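Trainee: My structure is stored as run-v8.txt, with compact mmCIF, C-alpha atoms.
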```txt
# COMPACT_ATOMS: atom_id res chain seq x y z
CA MET P 3 -28.65 -58.20 16.75
CA GLU P 4 -28.19 -59.44 13.21
CA THR P 5 -29.95 -57.52 10.44
CA GLU P 6 -32.38 -59.45 8.27
CA LYS P 7 -30.92 -60.08 4.83
CA ILE P 8 -32.41 -59.01 1.54
CA ASN P 9 -33.01 -62.08 -0.61
CA PHE P 10 -31.79 -61.06 -4.06
CA TRP P 11 -30.60 -63.59 -6.61
CA ILE P 12 -30.13 -64.06 -10.33
CA LYS P 13 -30.09 -67.42 -12.10
CA ASP P 14 -30.59 -68.44 -15.74
CA GLY P 15 -32.21 -65.16 -16.80
CA TYR P 16 -34.49 -64.91 -13.76
CA PHE P 17 -34.25 -62.74 -10.66
CA HIS P 18 -35.88 -62.75 -7.23
CA LEU P 19 -36.09 -59.87 -4.74
CA SER P 20 -37.65 -60.05 -1.28
CA TYR P 21 -37.25 -58.75 2.26
CA GLY P 22 -39.19 -58.97 5.50
CA GLY P 23 -41.72 -61.46 4.16
CA ILE P 24 -42.54 -59.27 1.12
CA SER P 25 -41.55 -60.62 -2.28
CA LEU P 26 -41.55 -58.07 -5.08
CA THR P 27 -41.15 -60.81 -7.68
CA GLN P 28 -43.96 -63.16 -6.63
CA ALA P 29 -46.71 -63.57 -9.19
CA LYS P 30 -50.34 -64.13 -8.30
CA ASP P 31 -49.93 -67.85 -9.07
CA GLY P 32 -47.13 -68.15 -6.49
CA TYR P 33 -44.28 -68.34 -9.02
CA ASP P 34 -41.59 -66.23 -7.37
CA GLN P 35 -39.10 -65.01 -9.95
CA ILE P 36 -39.14 -62.75 -12.99
CA MET P 37 -37.44 -63.41 -16.32
CA ASP P 38 -35.63 -60.42 -17.75
CA PHE P 39 -32.26 -59.20 -18.98
CA CYS P 40 -30.68 -59.44 -15.53
CA ASP P 41 -27.31 -58.18 -16.72
CA TYR P 42 -29.01 -54.93 -17.76
CA LEU P 43 -30.73 -54.72 -14.37
CA ILE P 44 -27.45 -55.16 -12.46
CA VAL P 45 -25.58 -52.64 -14.64
CA MET P 46 -28.36 -50.07 -14.16
CA ILE P 47 -28.30 -50.61 -10.38
CA HIS P 48 -24.52 -50.07 -10.34
CA GLU P 49 -24.26 -47.21 -12.82
CA GLU P 50 -27.44 -45.29 -12.03
CA CYS P 51 -29.07 -46.28 -8.76
CA ILE P 52 -26.23 -46.67 -6.29
CA PRO P 53 -24.74 -43.23 -7.10
CA LYS P 54 -28.21 -41.66 -6.86
CA LEU P 55 -29.01 -43.40 -3.58
CA LEU P 56 -25.70 -42.18 -2.14
CA ARG P 57 -26.77 -38.64 -3.07
CA GLY P 58 -30.19 -39.18 -1.44
CA GLU P 59 -32.01 -39.30 -4.78
CA THR P 60 -34.63 -41.65 -6.23
CA CYS P 61 -33.80 -44.00 -9.10
CA LYS P 62 -36.12 -45.80 -11.52
CA ILE P 63 -35.30 -48.79 -13.72
CA ASP P 64 -37.69 -49.92 -16.45
CA LEU P 65 -37.06 -53.61 -17.10
CA LEU P 66 -36.65 -54.61 -20.73
CA ASP P 67 -38.70 -57.79 -21.15
CA ASP P 68 -42.07 -56.78 -19.65
CA PRO P 69 -43.56 -53.46 -18.52
CA HIS P 70 -42.16 -53.78 -14.98
CA THR P 71 -40.43 -50.95 -13.12
CA LEU P 72 -38.21 -50.97 -10.04
CA ILE P 73 -38.02 -47.71 -8.09
CA PHE P 74 -35.44 -47.09 -5.38
CA VAL P 75 -36.29 -44.30 -2.92
CA SER P 76 -33.60 -43.10 -0.54
CA LYS P 77 -34.86 -42.50 3.00
CA GLY P 78 -31.78 -41.60 5.03
CA ASP P 79 -30.14 -44.86 6.06
CA MET P 80 -33.05 -46.86 4.56
CA VAL P 81 -34.20 -47.55 1.02
CA THR P 82 -37.72 -48.29 -0.18
CA ILE P 83 -37.74 -50.60 -3.20
CA ILE P 84 -40.95 -50.51 -5.20
CA PHE P 85 -42.05 -52.92 -7.94
CA GLU P 86 -44.70 -51.58 -10.31
CA THR P 87 -46.15 -53.41 -13.28
CA GLU P 88 -48.74 -53.09 -16.00
CA VAL P 89 -49.02 -56.90 -16.16
CA THR P 90 -51.79 -56.96 -13.54
CA GLU P 91 -53.17 -60.32 -14.69
CA TRP P 92 -49.96 -61.91 -13.32
CA PHE P 93 -48.77 -59.50 -10.62
CA GLU P 94 -50.13 -57.06 -8.09
CA PRO P 95 -49.78 -53.60 -9.67
CA ARG P 96 -47.52 -52.35 -6.87
CA LYS P 97 -45.48 -53.92 -4.07
CA GLU P 98 -42.77 -52.43 -1.90
CA PHE P 99 -40.49 -52.98 1.05
CA THR P 100 -38.15 -50.78 3.06
CA ALA P 101 -34.77 -52.09 4.16
CA PRO P 102 -31.48 -50.72 5.49
CA LEU P 103 -29.51 -49.01 2.72
CA GLU P 104 -26.29 -50.77 3.72
CA GLU P 105 -28.07 -54.14 3.47
CA TRP P 106 -29.21 -53.26 -0.07
CA PHE P 107 -25.65 -52.34 -1.02
CA ARG P 108 -24.38 -55.63 0.45
CA ALA P 109 -27.02 -57.63 -1.45
CA VAL P 110 -26.19 -55.91 -4.75
CA GLN P 111 -22.46 -56.56 -4.40
CA GLU P 112 -23.06 -60.18 -3.41
CA VAL P 113 -25.47 -60.92 -6.27
CA THR P 114 -23.13 -59.18 -8.73
CA LEU P 115 -20.23 -61.44 -7.74
CA ASP P 116 -22.47 -64.51 -8.02
CA PHE P 117 -23.74 -63.37 -11.42
CA ILE P 118 -20.21 -62.71 -12.70
CA GLN P 119 -19.26 -66.26 -11.70
CA GLN P 120 -22.36 -67.65 -13.45
CA MET P 121 -21.53 -65.71 -16.63
CA GLN P 122 -17.92 -66.91 -16.60
CA ALA P 123 -19.04 -70.53 -16.12
CA ASP P 124 -21.87 -70.44 -18.69
CA LYS P 125 -20.38 -69.92 -22.12
CA GLU P 126 -23.83 -69.93 -23.78
CA GLU P 127 -24.70 -66.60 -22.11
CA THR P 128 -28.42 -67.01 -22.71
CA TYR P 129 -30.48 -63.91 -21.99
CA VAL P 130 -27.33 -61.79 -21.64
CA MET P 131 -26.43 -58.71 -23.66
CA ILE P 132 -23.68 -57.02 -21.61
CA PRO P 133 -20.13 -58.41 -21.45
CA VAL P 134 -18.93 -59.84 -18.14
CA SER P 135 -16.03 -57.35 -18.23
CA THR P 136 -18.55 -54.51 -17.78
CA LEU P 137 -20.04 -56.22 -14.73
CA ILE P 138 -16.58 -56.73 -13.22
CA GLU P 139 -15.71 -53.08 -13.79
CA ASP P 140 -19.04 -51.93 -12.31
CA TYR P 141 -18.56 -54.16 -9.27
CA GLN P 142 -15.10 -52.73 -8.61
CA THR P 143 -16.19 -49.12 -9.19
CA THR P 144 -19.19 -49.56 -6.89
CA LYS P 145 -17.06 -51.18 -4.19
CA LYS P 146 -14.72 -48.15 -4.15
CA LEU P 147 -17.65 -45.72 -4.23
CA LEU P 148 -19.39 -47.45 -1.32
CA GLN P 149 -16.21 -47.72 0.75
CA ASN P 150 -15.44 -44.03 0.15
CA ALA P 151 -18.96 -43.25 1.40
CA GLY P 152 -18.36 -45.34 4.56
CA TYR P 153 -20.31 -48.46 3.53
CA LEU P 154 -19.21 -52.09 3.41
CA ILE P 155 -15.95 -51.42 5.21
CA GLU P 156 -14.29 -54.77 5.84
CA SER P 157 -13.12 -55.23 9.42
```
For the structure just supplied, provide its representation as structure tokens.
Mentor:
Amino acid sequence: METEKINFWIKDGYFHLSYGGISLTQAKDGYDQIMDFCDYLIVMIHEECIPKLLRGETCKIDLLDDPHTLIFVSKGDMVTIIFETEVTEWFEPRKEFTAPLEEWFRAVQEVTLDFIQQMQADKEETYVMIPVSTLIEDYQTTKKLLQNAGYLIES
């Protein structure tokens, strides 16, 4: 049986994150993406959250553009991802989903590669503050870390 995929993407300064029919990024008006410094988000996931999740710890990322927070709670081989916001006129104050940890790791690596390619193709680098070289290094470091922990082993 194939595992349901986490829908995580970044494009033009926006990101989307959903799983199992629950979208963390859907506003009350139906608009389903959030504008933020997505390069910062990806770097924080790689440098802070993945190592913490591998140790069974919780990780919290405060987004830079609006008072939104993503919280990642390790639950064995699962992860609960929580979106909290103070912008309650646009978003529900709290949404969450629980997904397989390995699926989250796969989604992060996939979206990072896509984002690196976008950054290399887009020389304007709008809404970007971290060099692409940092993202490439983080991707490679995370890949080794995950493989050493027994995740994302290519067959």
Trainee: So the first atom is atom CA of Lys13 of chain P and the second is atom CA of Asp140 of chain P; what is the distance between them in Å, to one decimal place?
Mentor: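 About the pair atom CA of Lys13 of chain P and atom CA of Asp140 of chain P: they are 19.0 Å apart.
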Trainee: Report, in Å with one decimal, the straight-line distance from atom CA of Tyr141 of chain P to atom CA of Thr87 of chain P.
Mentor: 27.9 Å
Trainee: Can you tell me which residues surround segment 95-101 of chain P at a distance of at most 7 Å, considering only C-alpha atoms, apart from same-chain residues fewer than 4 positions away, and format the answer as a PyMOL selection string?
Mentor: chain P and resi 21+24+26+80-88+90
Trainee: Could you check which of P:Ser20, P:Gln111, P:Thr136, P:Gln142 is closest to Leu154 of chain P, using all atoms listed in the file?
Mentor: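 Result for the nearest residue to Leu154 of chain P: P:Gln111.
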Trainee: Skip Tyr33 of chain P itself and residues of its chain fewer than 6 positions away, then list as a list of chain:residue names all residues within 12 Å of it, counting all atoms listed in the file.
Mentor: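 Listed by chain and then number, they are P:Tyr16, P:Phe17, P:His18, P:Ser25, P:Leu26, P:Thr27, P:Trp92, P:Phe93.
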Trainee: Let me make sure I understand: among P:Val110, P:Ile118, P:Thr5, P:Leu72, which one has the smallest atom-to-atom distance to Ile132 of chain P if we use all atoms listed in the file?
Mentor: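 Of P:Val110, P:Ile118, P:Thr5, P:Leu72, the one nearest Ile132 of chain P, counting all atoms listed in the file, is P:Ile118.
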Trainee: From the options P:Ser76, P:Gln122, P:Asn9, P:Thr114, which residue's atoms come nearest to Tyr42 of chain P, counting only C-alpha atoms?
Mentor: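 Result for the nearest residue to Tyr42 of chain P: P:Thr114.
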Trainee: Leaving out Pro133 of chain P and any residue of its chain fewer than 5 positions from it, which residues lie within 10 Å of it when counting only C-alpha atoms, given as a PDB file with C-alpha atoms, keeping the file's coordinate frame?
Mentor:
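Done, and the output landed in around_1.pdb:
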```pdb
ATOM      1  CA  ASP P  41     -27.310 -58.180 -16.720  1.00  0.00           C
ATOM      2  CA  ILE P 118     -20.210 -62.710 -12.700  1.00  0.00           C
ATOM      3  CA  MET P 121     -21.530 -65.710 -16.630  1.00  0.00           C
ATOM      4  CA  GLU P 127     -24.700 -66.600 -22.110  1.00  0.00           C
ATOM      5  CA  ILE P 138     -16.580 -56.730 -13.220  1.00  0.00           C
TER       6      ILE P 138
END
```
Trainee: Return the single residue from P:Val130, P:Val113, P:Ile63, P:Ala123 that is closest to Glu50 of chain P, with distances computed using all atoms listed in the file.
Mentor: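 Smallest distance to Glu50 of chain P is found for P:Ile63.
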Trainee: So how many Å separate atom CA of Arg57 of chain P and atom CA of Glu6 of chain P, to one decimal?
Mentor: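 Between atom CA of Arg57 of chain P and atom CA of Glu6 of chain P the gap is 24.4 Å.
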Trainee: Name the closest residue to Gly152 of chain P among the candidates P:Val75, P:Leu103, P:Ile36, P:Leu137; distances are taken between atoms, counting all atoms listed in the file.
Mentor: P:Leu103
Trainee: Of the candidates P:Cys40, P:Cys51, P:Ala109, P:Ala29, which one gets nearest to Ile8 of chain P if we count only C-alpha atoms?
Mentor: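 Closest to Ile8 of chain P, using only C-alpha atoms: P:Ala109.
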Trainee: Might you pull out every residue within 10 Å of Tyr153 of chain P, with only C-alpha atoms counted and same-chain residues fewer than 4 positions away left off, and present them as number ranges by chain?
Mentor: P: 103-105, 107-108, 145-149
